[in-house]
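J.: A single structure is presented below for examination.
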Amino acid sequence: MQAVKTSLTSLLGIRAPVVSAAMAYASSAKLAIEVTRGGGFGFFHAAGTTSEKLREELGLARSSFPDIGNCPLPIGCGFIGWQLDAKEAESKELVDIAIEGGVQAIWLSFGNDLLRWIQYIRASPAYAGLVTKPLLFVQVSSVEEALQAITDWKVDVLIVQGNESGGHGAAAAPSTITFLSEVLAALPTGNTTPVLVSGGITNGTQVAAYLTAGAAGAVLGTRFLLTPESTYSPTHKAVLQAAKSSQTVRTLAFDDARGTNNWPKGIDGRGVRNKIVDDVLAGVDLSAVQERFKKAVQEGDPEYLIVWSGQGISLIDEIKPAKEVVEELHADIVRALQRSQQLIA
């Protein structure tokens with residue numbers, strides 16, 4: 001299969017301009033490994049992990065690529081800014097372990113002071129003996145953040161997240177295509193930093209469309225939830241398989257239910273609407289909602305679980321290995337780009 005050449009694929013040495021999102025509590029090193037094996041670039045997330053577990057995940061990744069020697073691991077590790085702030089000492093240890101483990105990239109998102117963590121990552125004592133530093137992927141929710149990330153923070157890769165995205169994101173974010181267009185128009189002339197799009201993307205035709213609009217690649221999250229390698233439970237996956245885009249909703253209700261309202265101002269989450277949302281909107285006492293949620297988690301009740309999902313869910317209905325998903329995306333991207341050439345007279 002022909003490789004797709006963009007600033008992202010050149011930077012990472014990959015064939016397909018496809019990145020799996022660093023999804024907290026849903027992506028694992030195994031998922032990231034298989035995405036990379038398929039020709040894209042995989043991320044896993046460190047949220048809720050321990051230093052021992054993170055070392056295990058990185059050890060698995062290292063053993064999965066026996067031919068790379070001391071070169072960086074061709075996967076990335078993600079961190080959420082406000083979670084790093086909440087437990088600074090433990091967070092620095094996890095960041096250092098990821099760096100020591102040799103990940104090729106670190107993903108940062110949702111922080112009130114991400115620059116602080118960017119500076120820590122770049123000056124980490126964990127670099128002793130390492131030849132290369134991880135690339136910094138930073139996710140943004142506004143044009144102002146995008147300009148700051150590129151011109152002031154000098155990030156290596158920028159991720160613009162549109163309103164269609166599943167999981168957490170800016171409630172006021174524009175659509176993915178509009179956000180990409182606004183960011184590209186605002187960037188300094190001659191910008192070479194790869195700009196990736198995220199939000200509602202599930203197939204290669206969509207990725208190709210964004211490439212022609214100026215993106216260097218696409219981040220997919222929900223598509224990789226429906227893989228054997230995702231840590232989503234069978235119940236969560238069954239809900240996704242049955243869901244339609246019209247059933248997804250942006251709301252704070254899910255965070256109310258699980259007691260995680262620590263996100264920066266303006267951030268909410270998109271998931272499959274269920275009785276959690278109905279109860280919160282109906283004014284049910286919050287403590288009762290939280291008790292029902294805890295019970296649902298124990299019993300696996302799909303009507304009261306949190307199932308994050310982007311708006312592209314209607315286009316997915318089967319569980320496939322992550323490697324196959326990337327290979328299918330790659331083939332579809334190439335075909336779509338080839339078709340587009342026929343539009344030129």
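Identifiers in this document derive from the order of the structure tokens: chains are assigned A, B, ..., residues are numbered from 1 separately in each chain, and ligands are numbered from 1 in order of occurrence.
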At a cut-off of 12 Å, can you tabulate as a tab-separated table every residue of region 219-276 of chain A near region 184-207 of chain A together with its closest atom pair and the distance in Å to one decimal, using only C-alpha atoms and ordering rows by chain then number?
T.:
residue	atom	partner	partner_atom	distance
A:Val219	CA	A:Ser198	CA	4.9
A:Leu220	CA	A:Ile201	CA	6.0
A:Gly221	CA	A:Ile201	CA	8.1
A:Thr222	CA	A:Thr202	CA	7.5
A:Arg223	CA	A:Thr202	CA	5.6
A:Phe224	CA	A:Thr202	CA	9.0
A:Leu225	CA	A:Thr202	CA	11.0
A:Leu226	CA	A:Thr202	CA	10.9
A:Ser245	CA	A:Gly200	CA	9.2
A:Thr248	CA	A:Gly200	CA	11.0
A:Arg270	CA	A:Gly199	CA	10.5
A:Gly271	CA	A:Gly200	CA	11.9
J.: Please list as a list in words every residue within 8 Å of region 51-59 of chain A, counting only C-alpha atoms and excluding residues in the same chain fewer than 4 positions away.
T.: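 The contact residues come out as Ser28, Ala29, Lys30, Ala46, Ser63, Glu93, Leu94, Ile97, Ala98 and Gly101 of chain A.
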J.: Rank nothing, just name the residue among A:Ile106, A:Ile159, A:Cys77, A:Val284 nearest to Val143 (chain A), using only C-alpha atoms.
T.: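 Selected residue with least distance to Val143 (chain A): A:Ile159.
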J.: Using only C-alpha atoms, which residues sit within 10 Å of region 127-131 of chain A once same-chain residues fewer than 4 positions away are excluded, as a PyMOL selection string?
T.: chain A and resi 70-72+96+99-102+121-123
J.: Would you save the residues from that selection as an mmCIF file, in the first residue's frame, using N, CA, C and O atoms?
T.:
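The result, written out as selection-v3.cif:
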data_model
loop_
_atom_site.group_PDB
_atom_site.id
_atom_site.type_symbol
_atom_site.label_atom_id
_atom_site.label_comp_id
_atom_site.auth_asym_id
_atom_site.auth_seq_id
_atom_site.Cartn_x
_atom_site.Cartn_y
_atom_site.Cartn_z
ATOM 1 N N ASN A 70 17.866 0.527 21.213
ATOM 2 C CA ASN A 70 17.721 1.643 22.149
ATOM 3 C C ASN A 70 16.994 2.834 21.539
ATOM 4 O O ASN A 70 16.949 3.903 22.148
ATOM 5 N N CYS A 71 16.430 2.639 20.369
ATOM 6 C CA CYS A 71 15.683 3.725 19.733
ATOM 7 C C CYS A 71 14.381 3.974 20.494
ATOM 8 O O CYS A 71 13.907 3.110 21.233
ATOM 9 N N PRO A 72 13.771 5.143 20.307
ATOM 10 C CA PRO A 72 12.507 5.438 20.995
ATOM 11 C C PRO A 72 11.419 4.425 20.658
ATOM 12 O O PRO A 72 11.363 3.908 19.539
ATOM 13 N N ASP A 96 8.378 11.027 34.371
ATOM 14 C CA ASP A 96 9.774 10.591 34.272
ATOM 15 C C ASP A 96 9.869 9.133 33.822
ATOM 16 O O ASP A 96 10.749 8.764 33.038
ATOM 17 N N ILE A 99 9.327 9.001 30.136
ATOM 18 C CA ILE A 99 10.520 9.475 29.426
ATOM 19 C C ILE A 99 11.619 8.418 29.475
ATOM 20 O O ILE A 99 12.241 8.092 28.454
ATOM 21 N N GLU A 100 11.858 7.863 30.666
ATOM 22 C CA GLU A 100 12.875 6.825 30.815
ATOM 23 C C GLU A 100 12.549 5.603 29.950
ATOM 24 O O GLU A 100 13.447 4.927 29.435
ATOM 25 N N GLY A 101 11.262 5.332 29.813
ATOM 26 C CA GLY A 101 10.828 4.200 29.004
ATOM 27 C C GLY A 101 11.043 4.406 27.521
ATOM 28 O O GLY A 101 10.917 3.470 26.731
ATOM 29 N N GLY A 102 11.328 5.633 27.136
ATOM 30 C CA GLY A 102 11.682 5.909 25.753
ATOM 31 C C GLY A 102 10.533 6.120 24.800
ATOM 32 O O GLY A 102 10.670 5.893 23.589
ATOM 33 N N ILE A 121 8.721 18.590 31.359
ATOM 34 C CA ILE A 121 9.060 17.492 30.458
ATOM 35 C C ILE A 121 10.366 17.776 29.733
ATOM 36 O O ILE A 121 11.229 16.901 29.607
ATOM 37 N N ARG A 122 10.550 18.991 29.296
ATOM 38 C CA ARG A 122 11.755 19.329 28.528
ATOM 39 C C ARG A 122 13.007 19.377 29.394
ATOM 40 O O ARG A 122 14.120 19.224 28.887
ATOM 41 N N ALA A 123 12.822 19.569 30.705
ATOM 42 C CA ALA A 123 13.986 19.650 31.598
ATOM 43 C C ALA A 123 14.079 18.460 32.545
ATOM 44 O O ALA A 123 14.864 18.480 33.497
#
J.: Could you list, as a ChimeraX atom specification, every residue within 10 Å of Leu286 (chain A), counting only C-alpha atoms and ignoring same-chain residues fewer than 2 positions away?
T.: /A:253,256-259,279-280,283-284,288-292
J.: Distance table requested - region 25-131 of chain A against region 232-241 of chain A, cut-off 9 Å, only C-alpha atoms: one row per qualifying residue with the closest atom pair and its distance in Å to one decimal, ordered by chain and rising residue number, as a Markdown table.
T.:
| residue | atom | partner | partner_atom | distance |
| --- | --- | --- | --- | --- |
| A:Tyr25 | CA | A:Tyr232 | CA | 7.9 |
| A:Ala26 | CA | A:Tyr232 | CA | 5.5 |
| A:Ser27 | CA | A:Tyr232 | CA | 8.2 |
J.: With C-alpha atoms kept, could you save the residues just selected as a PDB file, in the first residue's frame?
T.:
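Produced file result.pdb, reproduced below:
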ATOM      1  CA  TYR A  25      -9.278   4.733  31.108  1.00  0.00           C
ATOM      2  CA  ALA A  26      -9.896   3.361  27.620  1.00  0.00           C
ATOM      3  CA  SER A  27      -6.562   3.065  25.787  1.00  0.00           C
TER       4      SER A  27
END
